[in-house]
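Q: Have a peek at data-v1.txt (compact mmCIF, C-alpha atoms and all ligand atoms).
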```txt
# COMPACT_ATOMS: atom_id res chain seq x y z
CA MET A 28 122.42 102.49 72.35
CA THR A 29 122.48 100.91 75.76
CA ALA A 30 124.49 97.79 76.31
CA PHE A 31 121.57 96.35 78.26
CA SER A 32 120.14 93.16 76.83
CA PRO A 33 116.92 91.72 78.19
CA THR A 34 118.27 88.26 77.57
CA THR A 35 121.51 88.64 79.50
CA CYS A 36 120.32 90.68 82.49
CA PRO A 37 120.72 88.98 85.90
CA ARG A 38 116.99 88.28 86.33
CA LEU A 39 114.65 87.70 83.40
CA ILE A 40 110.95 86.90 83.04
CA VAL A 41 110.07 84.87 79.94
CA LYS A 42 106.42 84.92 78.95
CA VAL A 43 105.05 82.27 76.61
CA GLY A 44 101.71 82.88 74.91
CA SER A 45 98.99 80.25 74.51
CA SER A 46 99.33 80.16 70.73
CA LEU A 47 102.98 79.12 71.07
CA LEU A 48 102.26 76.41 73.60
CA VAL A 49 99.22 74.87 72.06
CA THR A 50 98.30 74.27 68.40
CA PRO A 51 94.84 75.35 67.18
CA SER A 52 93.73 71.73 67.56
CA GLY A 53 94.80 71.74 71.20
CA ASP A 54 98.04 69.74 71.04
CA VAL A 55 101.06 70.86 73.02
CA ARG A 56 103.99 72.07 70.91
CA ARG A 57 106.30 69.91 72.96
CA ASP A 58 109.28 69.90 70.58
CA TRP A 59 109.36 73.67 70.44
CA LEU A 60 108.93 73.95 74.20
CA ALA A 61 111.87 71.59 74.66
CA THR A 62 114.06 74.03 72.69
CA LEU A 63 112.92 76.86 74.96
CA ALA A 64 113.64 74.73 78.04
CA ALA A 65 117.13 74.10 76.63
CA ASP A 66 117.64 77.87 76.20
CA ILE A 67 116.50 78.46 79.78
CA ALA A 68 118.88 75.76 81.02
CA ALA A 69 121.82 77.24 79.10
CA ARG A 70 121.19 80.66 80.60
CA THR A 71 120.57 79.36 84.09
CA LYS A 72 123.90 77.55 83.92
CA ALA A 73 125.50 80.82 82.86
CA GLY A 74 124.14 82.40 86.05
CA GLN A 75 120.99 84.13 84.80
CA GLN A 76 117.90 83.68 86.97
CA ILE A 77 114.77 83.02 84.93
CA ALA A 78 111.09 82.81 85.78
CA VAL A 79 108.53 81.72 83.21
CA VAL A 80 105.04 83.16 82.87
CA SER A 81 103.18 80.49 80.97
CA SER A 82 99.76 80.75 79.40
CA GLY A 83 97.96 77.81 77.90
CA ALA A 84 95.92 76.44 80.80
CA ILE A 85 92.57 77.46 79.33
CA ALA A 86 93.50 76.28 75.83
CA LEU A 87 94.71 72.89 77.08
CA GLY A 88 91.82 72.38 79.48
CA ALA A 89 89.23 73.33 76.88
CA ARG A 90 90.47 70.59 74.61
CA ARG A 91 90.35 67.95 77.34
CA LEU A 92 86.86 68.99 78.38
CA LYS A 93 85.72 69.49 74.77
CA LEU A 94 84.43 72.97 75.58
CA PRO A 95 83.37 75.33 72.77
CA LYS A 96 85.16 78.57 71.83
CA GLY A 97 88.46 77.41 73.27
CA GLY A 98 86.93 77.37 76.75
CA ARG A 99 86.12 81.06 76.65
CA ALA A 100 82.34 80.89 76.10
CA SER A 101 81.69 81.83 79.74
CA LEU A 102 83.68 82.60 82.87
CA GLU A 103 82.65 79.24 84.38
CA ASP A 104 83.94 77.43 81.29
CA ALA A 105 87.22 79.36 81.39
CA GLN A 106 87.65 78.56 85.08
CA ALA A 107 86.92 74.87 84.62
CA ALA A 108 89.23 74.77 81.60
CA ALA A 109 91.98 76.58 83.51
CA ALA A 110 91.73 74.20 86.47
CA THR A 111 91.95 71.19 84.15
CA GLY A 112 94.62 72.61 81.89
CA GLN A 113 96.86 74.01 84.62
CA ILE A 114 97.69 70.61 86.06
CA ALA A 115 98.74 69.40 82.60
CA LEU A 116 100.64 72.60 81.95
CA SER A 117 102.68 72.28 85.15
CA GLN A 118 103.44 68.69 84.34
CA ILE A 119 104.77 69.63 80.89
CA TRP A 120 106.99 72.36 82.30
CA ALA A 121 108.23 70.15 85.14
CA GLU A 122 109.09 67.40 82.64
CA LEU A 123 110.79 69.61 80.06
CA LEU A 124 112.77 71.64 82.59
CA GLY A 125 113.51 68.42 84.50
CA ALA A 126 114.97 66.89 81.35
CA GLU A 127 117.42 69.81 81.37
CA GLY A 128 118.31 69.16 85.01
CA LEU A 129 116.22 72.07 86.28
CA THR A 130 113.60 72.12 89.03
CA ALA A 131 110.31 73.84 88.25
CA ALA A 132 108.05 75.45 90.85
CA GLN A 133 104.46 76.48 90.23
CA MET A 134 103.04 79.82 91.37
CA LEU A 135 99.46 80.80 90.61
CA VAL A 136 98.67 84.42 91.39
CA THR A 137 95.76 86.81 91.17
CA LEU A 138 95.82 90.53 90.54
CA ASP A 139 95.24 91.12 94.26
CA ASP A 140 98.33 89.14 95.15
CA LEU A 141 100.42 91.69 93.28
CA GLU A 142 98.47 94.88 93.97
CA ASP A 143 97.93 94.52 97.71
CA ARG A 144 101.31 95.51 99.15
CA ARG A 145 101.32 92.96 101.94
CA ARG A 146 100.62 90.10 99.56
CA TYR A 147 102.97 91.65 97.04
CA LEU A 148 105.78 91.30 99.58
CA ASN A 149 104.87 87.64 100.11
CA ALA A 150 104.86 86.88 96.38
CA SER A 151 108.05 88.84 95.94
CA ALA A 152 109.83 86.99 98.77
CA THR A 153 108.78 83.60 97.39
CA LEU A 154 109.94 84.48 93.89
CA GLY A 155 113.22 85.79 95.21
CA ARG A 156 113.85 82.67 97.26
CA LEU A 157 112.99 80.30 94.42
CA LEU A 158 115.24 82.17 92.01
CA SER A 159 118.12 82.25 94.45
CA LEU A 160 117.73 78.49 94.93
CA GLY A 161 118.20 78.03 91.18
CA VAL A 162 114.60 76.88 90.71
CA VAL A 163 112.57 78.04 87.68
CA PRO A 164 109.24 79.46 88.85
CA VAL A 165 106.47 78.78 86.33
CA ILE A 166 103.74 81.33 86.90
CA ASN A 167 100.20 81.72 85.64
CA GLU A 168 97.15 83.60 86.71
CA ASN A 169 94.97 81.66 89.15
CA ASP A 170 92.20 81.66 86.57
CA SER A 171 90.09 79.03 88.30
CA VAL A 172 89.31 81.33 91.23
CA ALA A 173 89.86 84.85 89.88
CA THR A 174 86.57 86.48 88.90
CA GLU A 175 86.34 88.81 85.91
CA GLU A 176 86.75 91.95 88.02
CA ILE A 177 89.95 90.80 89.68
CA ARG A 178 91.59 89.11 86.72
CA PHE A 179 94.57 90.33 84.78
CA GLY A 180 93.02 88.47 81.86
CA ASP A 181 96.24 88.50 79.89
CA ASN A 182 99.60 87.18 80.84
CA ASP A 183 101.48 90.06 79.20
CA ARG A 184 100.59 92.42 82.03
CA LEU A 185 100.98 89.61 84.54
CA ALA A 186 104.57 89.11 83.29
CA ALA A 187 105.29 92.82 83.74
CA ARG A 188 103.96 92.76 87.32
CA ILE A 189 105.91 89.60 88.09
CA ALA A 190 109.06 91.30 86.82
CA GLN A 191 108.43 94.14 89.22
CA ALA A 192 107.78 91.74 92.12
CA ALA A 193 110.86 89.66 91.29
CA ALA A 194 113.03 92.77 90.89
CA ALA A 195 113.92 91.49 87.41
CA GLN A 196 115.64 93.77 84.93
CA GLY A 197 114.07 92.31 81.81
CA VAL A 198 110.94 90.68 80.40
CA ILE A 199 110.75 88.91 77.08
CA LEU A 200 107.30 88.29 75.64
CA LEU A 201 107.56 85.38 73.21
CA SER A 202 104.75 85.87 70.80
CA ASP A 203 103.33 84.82 67.44
CA VAL A 204 104.43 88.20 66.09
CA ALA A 205 108.05 89.30 65.84
CA GLY A 206 107.41 92.64 67.53
CA LEU A 207 105.67 95.94 66.98
CA PHE A 208 105.36 96.96 63.32
CA GLU A 209 104.75 100.44 61.95
CA ALA A 210 101.83 99.04 59.99
CA ASN A 211 100.05 95.72 59.95
CA PRO A 212 102.54 93.33 58.29
CA LEU A 213 99.68 91.20 56.97
CA THR A 214 98.33 94.03 54.84
CA HIS A 215 101.63 95.93 54.49
CA PRO A 216 104.30 93.29 53.86
CA ASP A 217 107.00 95.99 53.70
CA ALA A 218 106.06 97.44 57.10
CA CYS A 219 109.05 98.18 59.28
CA LEU A 220 109.60 96.48 62.60
CA ILE A 221 110.17 99.04 65.34
CA GLU A 222 113.34 97.81 67.04
CA ARG A 223 113.58 100.18 69.93
CA VAL A 224 111.04 102.26 71.81
CA GLU A 225 112.36 104.88 74.23
CA ARG A 226 108.97 106.32 75.09
CA ILE A 227 105.47 104.91 74.68
CA ASP A 228 103.69 107.87 73.11
CA ALA A 229 100.51 108.32 71.07
CA ARG A 230 102.29 107.21 67.90
CA ILE A 231 103.29 103.90 69.49
CA GLU A 232 99.83 103.40 71.03
CA ALA A 233 98.28 103.99 67.59
CA MET A 234 100.41 101.25 66.06
CA ALA A 235 98.99 98.79 68.57
CA SER A 236 95.45 99.97 68.37
CA GLY A 237 92.92 97.58 66.86
CA ASP A 238 91.06 100.51 65.28
CA SER A 239 94.06 101.92 63.55
CA ALA A 240 94.29 101.38 59.82
CA SER A 241 98.02 100.98 60.27
CA GLY A 242 97.72 98.83 63.39
CA MET A 243 98.30 95.15 64.00
CA GLY A 244 94.59 94.90 64.42
CA SER A 245 94.87 92.64 67.41
CA GLY A 246 94.15 93.12 71.10
CA GLY A 247 97.31 91.09 71.53
CA MET A 248 99.55 94.01 70.69
CA ALA A 249 97.51 96.41 72.84
CA SER A 250 98.04 94.23 75.91
CA LYS A 251 101.76 94.01 75.09
CA ILE A 252 102.02 97.79 75.00
CA ALA A 253 100.13 97.95 78.31
CA ALA A 254 102.66 95.47 79.70
CA ALA A 255 105.53 97.54 78.31
CA ARG A 256 104.12 100.59 80.06
CA ILE A 257 103.98 98.78 83.42
CA ALA A 258 107.44 97.27 82.97
CA THR A 259 109.31 100.34 81.76
CA GLY A 260 107.59 102.47 84.42
CA ALA A 261 108.96 100.09 87.04
CA GLY A 262 112.48 100.24 85.62
CA VAL A 263 112.24 96.97 83.69
CA THR A 264 113.15 96.64 79.99
CA LEU A 265 110.64 94.61 77.96
CA ALA A 266 111.15 92.89 74.62
CA ILE A 267 108.65 91.35 72.23
CA ALA A 268 110.17 88.60 70.09
CA SER A 269 108.99 85.79 67.90
CA GLY A 270 108.33 82.41 69.42
CA HIS A 271 107.94 80.88 65.99
CA VAL A 272 111.55 79.79 65.92
CA ASP A 273 113.29 77.00 67.76
CA HIS A 274 115.52 78.12 70.63
CA PRO A 275 113.71 81.48 70.72
CA LEU A 276 115.92 83.06 73.42
CA ALA A 277 119.11 82.17 71.59
CA ALA A 278 117.54 83.29 68.31
CA PHE A 279 116.61 86.67 69.77
CA ASP A 280 120.09 87.07 71.15
CA THR A 281 121.73 86.33 67.83
CA SER A 282 119.39 88.18 65.50
CA GLY A 283 118.23 90.96 67.84
CA ARG A 284 115.00 90.84 65.83
CA GLY A 285 112.15 92.10 67.97
CA THR A 286 111.01 95.26 69.70
CA VAL A 287 112.73 96.44 72.86
CA PHE A 288 111.00 98.93 75.14
CA ILE A 289 113.71 100.62 77.16
CA ALA A 290 113.18 100.96 80.91
CA GLU A 291 112.85 104.37 82.42
CA ARG A 292 115.74 105.12 84.76
CA SER A 293 115.21 102.43 87.31
CA ALA A 294 115.84 104.48 90.41
CA THR A 295 113.32 107.12 89.40
CA ALA A 296 110.73 104.62 88.30
CA ARG A 297 110.99 102.54 91.46
CA LYS A 298 110.84 105.65 93.58
CA ALA A 299 107.72 106.80 91.77
CA TRP A 300 106.10 103.42 92.26
CA LEU A 301 106.99 103.28 95.94
CA ALA A 302 105.64 106.74 96.44
CA GLY A 303 102.59 105.48 94.53
CA GLY A 304 100.37 108.26 95.79
CA LEU A 305 100.64 106.80 99.28
CA THR A 306 101.75 108.62 102.35
CA ALA A 307 104.15 106.89 104.67
CA LYS A 308 102.31 105.28 107.57
CA GLY A 309 105.26 105.41 109.90
CA GLU A 310 108.90 106.17 110.38
CA ILE A 311 111.93 104.10 111.21
CA SER A 312 114.88 106.14 112.50
CA VAL A 313 118.25 104.61 111.80
CA ASP A 314 121.85 105.17 112.85
CA ALA A 315 124.73 106.46 110.72
CA GLY A 316 126.00 102.91 110.06
CA ALA A 317 122.63 101.89 108.64
CA ILE A 318 122.57 104.95 106.36
CA ALA A 319 125.98 104.02 104.97
CA ALA A 320 124.72 100.46 104.39
CA LEU A 321 121.58 101.70 102.59
CA LYS A 322 123.71 103.95 100.37
CA SER A 323 125.81 100.97 99.36
CA GLY A 324 122.66 99.15 98.23
CA LYS A 325 121.95 97.01 101.31
CA SER A 326 118.63 96.28 102.99
CA LEU A 327 117.69 97.96 106.27
CA LEU A 328 118.50 95.54 109.08
CA ALA A 329 116.91 95.85 112.51
CA ALA A 330 120.33 96.24 114.14
CA GLY A 331 120.69 99.70 112.58
CA ALA A 332 117.20 100.93 113.55
CA THR A 333 116.80 103.13 116.62
CA ILE A 334 113.16 104.25 116.92
CA VAL A 335 109.92 103.16 115.25
CA THR A 336 106.98 105.58 115.19
CA GLY A 337 103.50 105.45 113.67
CA THR A 338 100.99 102.66 113.13
CA PHE A 339 101.72 100.51 110.12
CA MET A 340 101.15 96.99 108.88
CA ARG A 341 103.47 94.70 106.98
CA GLY A 342 103.59 95.99 103.40
CA ASP A 343 102.86 99.62 104.32
CA LEU A 344 105.11 102.40 103.15
CA VAL A 345 107.47 103.77 105.82
CA ALA A 346 109.94 106.62 105.80
CA ILE A 347 113.48 105.83 106.90
CA THR A 348 115.00 108.78 108.71
CA ALA A 349 118.50 109.87 109.72
CA PRO A 350 119.32 110.88 113.33
CA ASP A 351 118.69 114.54 112.33
CA GLY A 352 115.16 113.68 111.12
CA ARG A 353 115.97 113.90 107.41
CA VAL A 354 114.12 111.26 105.31
CA VAL A 355 116.81 109.22 103.55
CA ALA A 356 114.67 106.48 102.00
CA ARG A 357 111.16 105.14 101.66
CA GLY A 358 110.19 101.53 101.44
CA LEU A 359 107.72 98.79 102.25
CA SER A 360 108.01 97.51 105.80
CA GLU A 361 108.48 93.78 106.23
CA TYR A 362 106.91 93.98 109.72
CA ASP A 363 104.04 95.76 111.42
CA ALA A 364 104.99 98.64 113.72
CA ALA A 365 104.92 96.62 116.95
CA ASP A 366 107.19 93.87 115.63
CA ALA A 367 109.52 96.40 114.00
CA ALA A 368 109.77 98.25 117.34
CA SER A 369 110.51 95.05 119.23
CA LEU A 370 113.40 94.27 116.85
CA CYS A 371 114.95 97.76 116.89
CA GLY A 372 118.68 97.59 117.57
CA LYS A 373 118.56 93.81 117.90
CA ARG A 374 120.91 91.45 116.08
CA SER A 375 119.39 89.09 113.50
CA GLU A 376 120.21 85.97 115.50
CA ASP A 377 117.98 87.17 118.37
CA HIS A 378 114.93 87.92 116.17
CA ALA A 379 113.31 84.48 116.24
CA ALA A 380 113.30 84.41 120.05
CA ILE A 381 111.86 87.95 120.27
CA LEU A 382 109.13 87.34 117.68
CA GLY A 383 108.33 83.74 118.58
CA HIS A 384 108.40 82.81 114.89
CA GLU A 385 110.74 82.77 111.89
CA PRO A 386 111.99 86.29 111.16
CA ARG A 387 112.16 88.07 107.79
CA GLY A 388 115.54 88.94 106.35
CA ALA A 389 115.29 92.70 106.94
CA LEU A 390 113.06 95.50 108.23
CA VAL A 391 112.90 96.93 104.72
CA HIS A 392 114.29 94.90 101.84
CA ARG A 393 116.43 96.76 99.33
CA ASN A 394 114.19 95.59 96.46
CA HIS A 395 111.30 97.49 98.00
CA MET A 396 113.16 100.64 98.95
CA ALA A 397 114.02 103.87 97.18
CA LEU A 398 116.82 106.09 98.43
CA LEU A 399 115.93 109.76 98.27
N1 LIG A 401 96.02 82.59 81.98
C1 LIG A 401 95.49 82.17 80.72
C2 LIG A 401 95.80 80.68 80.49
O1 LIG A 401 96.65 80.13 81.08
C3 LIG A 401 96.10 82.90 79.55
C4 LIG A 401 95.94 84.39 79.56
C5 LIG A 401 96.48 84.97 78.24
O2 LIG A 401 95.96 84.57 77.18
O3 LIG A 401 97.38 85.79 78.27
O4 LIG A 401 95.19 80.04 79.69
```
Go ahead and express the file in the form of structure tokens.
Ligand code: GLU

A:
Amino acid sequence: MTAFSPTTCPRLIVKVGSSLLVTPSGDVRRDWLATLAADIAARTKAGQQIAVVSSGAIALGARRLKLPKGGRASLEDAQAAAATGQIALSQIWAELLGAEGLTAAQMLVTLDDLEDRRRYLNASATLGRLLSLGVVPVINENDSVATEEIRFGDNDRLAARIAQAAAAQGVILLSDVAGLFEANPLTHPDACLIERVERIDARIEAMASGDSASGMGSGGMASKIAAARIATGAGVTLAIASGHVDHPLAAFDTSGRGTVFIAERSATARKAWLAGGLTAKGEISVDAGAIAALKSGKSLLAAGATIVTGTFMRGDLVAITAPDGRVVARGLSEYDAADAASLCGKRSEDHAAILGHEPRGALVHRNHMALL
């Protein structure tokens, strides 16, 4: 057993499903949410950084607009419902977190924001800054503009992508089920809860499949497994736990009841993702001091860079090379090639004057870099 706990890791993403936030008649489960906000506050005070991925916009908006089928009869309905519900949803979170002395910040993202590497860096930097300021980002998909083709469609996968972007170590999906069961607990009351999944194989997929006689019979579990695949592949541990209890984070911590999907070795997973089938668009040569800094887990600062070659844009993959030409790391460049070249060897305090605008913190941030 690993000592890792998704609820005590330094950075955690908590996802709350629509059915936990909103009752079937469309009312907000405010009392329950207040207990979750209290859990978040307790952990934040203990030093954990938490971002929330909150569903519920469509469900809330549909009720206000009196739309049929929970607002999901058409894409236009869902978008109108999301736009109406999101403003209420943010208000609820701001109020409940505010009552705990916390500041909430809203981020609405589309699939493109997290898939396109340049925008990914922007979203990642914003998340990082908010978390380091002690703010609780409350994130949802930007449903009112995302068309069907570019939607995540479910916040389980969104939460996994956000974890990757925020360099979080854990995700907890609070759900109306307690986790992944060997067989559908509705038809097999004695079915065992799977507590720990080391590898998502065909057996695990079958348990989540709607077609399986032994499955949960809900698309809900299939999207959670898809999220677990994204998360664990990116070095993030993901847990599914029940949100049908007050203080759900504390309850999960005490009881441990839920399913935990263990992250693949983070270094390998991150490296694989950074490689991502892409070839490096350029090279940044660095000095021996920079290599030592990278090895101790630091970002690549311009002061340690010597030569920039190739044509690349912000967000492109670059190789970081030693004086002898050996590739020591790969990562996403925070600058295009021309700006990176102009900053080479320059101290951070001179960057703003050279660029003519606010500089980024590094040439390649450690969160977006894999040492080879
Ligand atoms: N983004 C949707 C909403 O806020 C929820 C997506 C989901 O059900 O996971 O209503």

Q: Do you know which residues are within 8 Å of ligand LIG 401 (chain A) using only C-alpha atoms and all ligand atoms? Can you write them as a tab-separated table (two decimals) with C-alpha atoms, in the frame of the given file?

A:
```
chain	number	residue	atom	x	y	z
A	44	GLY	CA	101.71	82.88	74.91
A	45	SER	CA	98.99	80.25	74.51
A	81	SER	CA	103.18	80.49	80.97
A	82	SER	CA	99.76	80.75	79.40
A	83	GLY	CA	97.96	77.81	77.90
A	84	ALA	CA	95.92	76.44	80.80
A	85	ILE	CA	92.57	77.46	79.33
A	86	ALA	CA	93.50	76.28	75.83
A	87	LEU	CA	94.71	72.89	77.08
A	109	ALA	CA	91.98	76.58	83.51
A	112	GLY	CA	94.62	72.61	81.89
A	113	GLN	CA	96.86	74.01	84.62
A	167	ASN	CA	100.20	81.72	85.64
A	168	GLU	CA	97.15	83.60	86.71
A	169	ASN	CA	94.97	81.66	89.15
A	170	ASP	CA	92.20	81.66	86.57
A	180	GLY	CA	93.02	88.47	81.86
A	181	ASP	CA	96.24	88.50	79.89
A	182	ASN	CA	99.60	87.18	80.84
A	183	ASP	CA	101.48	90.06	79.20
```

Q: Residues at most 9 Å from region 46-50 of chain A, counting only C-alpha atoms, excluding those fewer than 2 positions away in the same chain, as a count of residues only?

A: 20

Q: Please identify all polymer residues within 12 Å of Ile334 (chain A), counting all atoms listed in the file, omitting same-chain residues fewer than 2 positions from it, and present them as a ChimeraX atom specification.

A: /A:309-314,329-332,336-337,346-350,352,364-365,367-373

Q: Nearest to Ala190 (chain A) among A:Ala233, A:Leu94, A:Val80, A:Ala126, with distances taken over only C-alpha atoms: which residue is it?

A: A:Val80

Q: Could I get the residues of region 167-198 of chain A with an atom no further than 8 Å from an atom of region 99-105 of chain A, each paired with its nearest atom pair and that distance in Å to one decimal, using all atoms listed in the file, sorted by chain and residue number, as JSON lines?

A:
```
{"residue": "A:Asp170", "atom": "CA", "partner": "A:Ala105", "partner_atom": "CA", "distance": 7.5}
{"residue": "A:Ser171", "atom": "CA", "partner": "A:Ala105", "partner_atom": "CA", "distance": 7.5}
{"residue": "A:Thr174", "atom": "CA", "partner": "A:Leu102", "partner_atom": "CA", "distance": 7.7}
{"residue": "A:Glu175", "atom": "CA", "partner": "A:Leu102", "partner_atom": "CA", "distance": 7.4}
```

Q: Looking at A:Ala108, A:Ala68, A:Cys36, A:Leu220, which one is nearest to Lys93 (chain A), with distances taken over all atoms listed in the file?

A: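 Among the listed residues, A:Ala108 lies closest to Lys93 (chain A).
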
Q: Can you list every residue of region 142-221 of chain A that has an atom at most 10 Å from region 255-265 of chain A, with its nearest atom pair and the distance in Å to one decimal, using all atoms listed in the file, ordered by chain then number, as a tab-separated table?

A:
```
residue	atom	partner	partner_atom	distance
A:Asp183	CA	A:Ala255	CA	8.6
A:Arg184	CA	A:Ile257	CA	7.3
A:Leu185	CA	A:Ile257	CA	9.7
A:Ala186	CA	A:Ala258	CA	8.7
A:Ala187	CA	A:Ala258	CA	5.0
A:Arg188	CA	A:Ala258	CA	7.2
A:Ile189	CA	A:Ala258	CA	9.3
A:Ala190	CA	A:Val263	CA	7.2
A:Gln191	CA	A:Ala261	CA	6.4
A:Ala192	CA	A:Ala261	CA	9.8
A:Ala194	CA	A:Val263	CA	8.4
A:Ala195	CA	A:Val263	CA	6.8
A:Gln196	CA	A:Val263	CA	4.8
A:Gly197	CA	A:Thr264	CA	4.8
A:Val198	CA	A:Leu265	CA	4.6
A:Ile199	CA	A:Leu265	CA	5.8
A:Leu200	CA	A:Leu265	CA	7.5
```
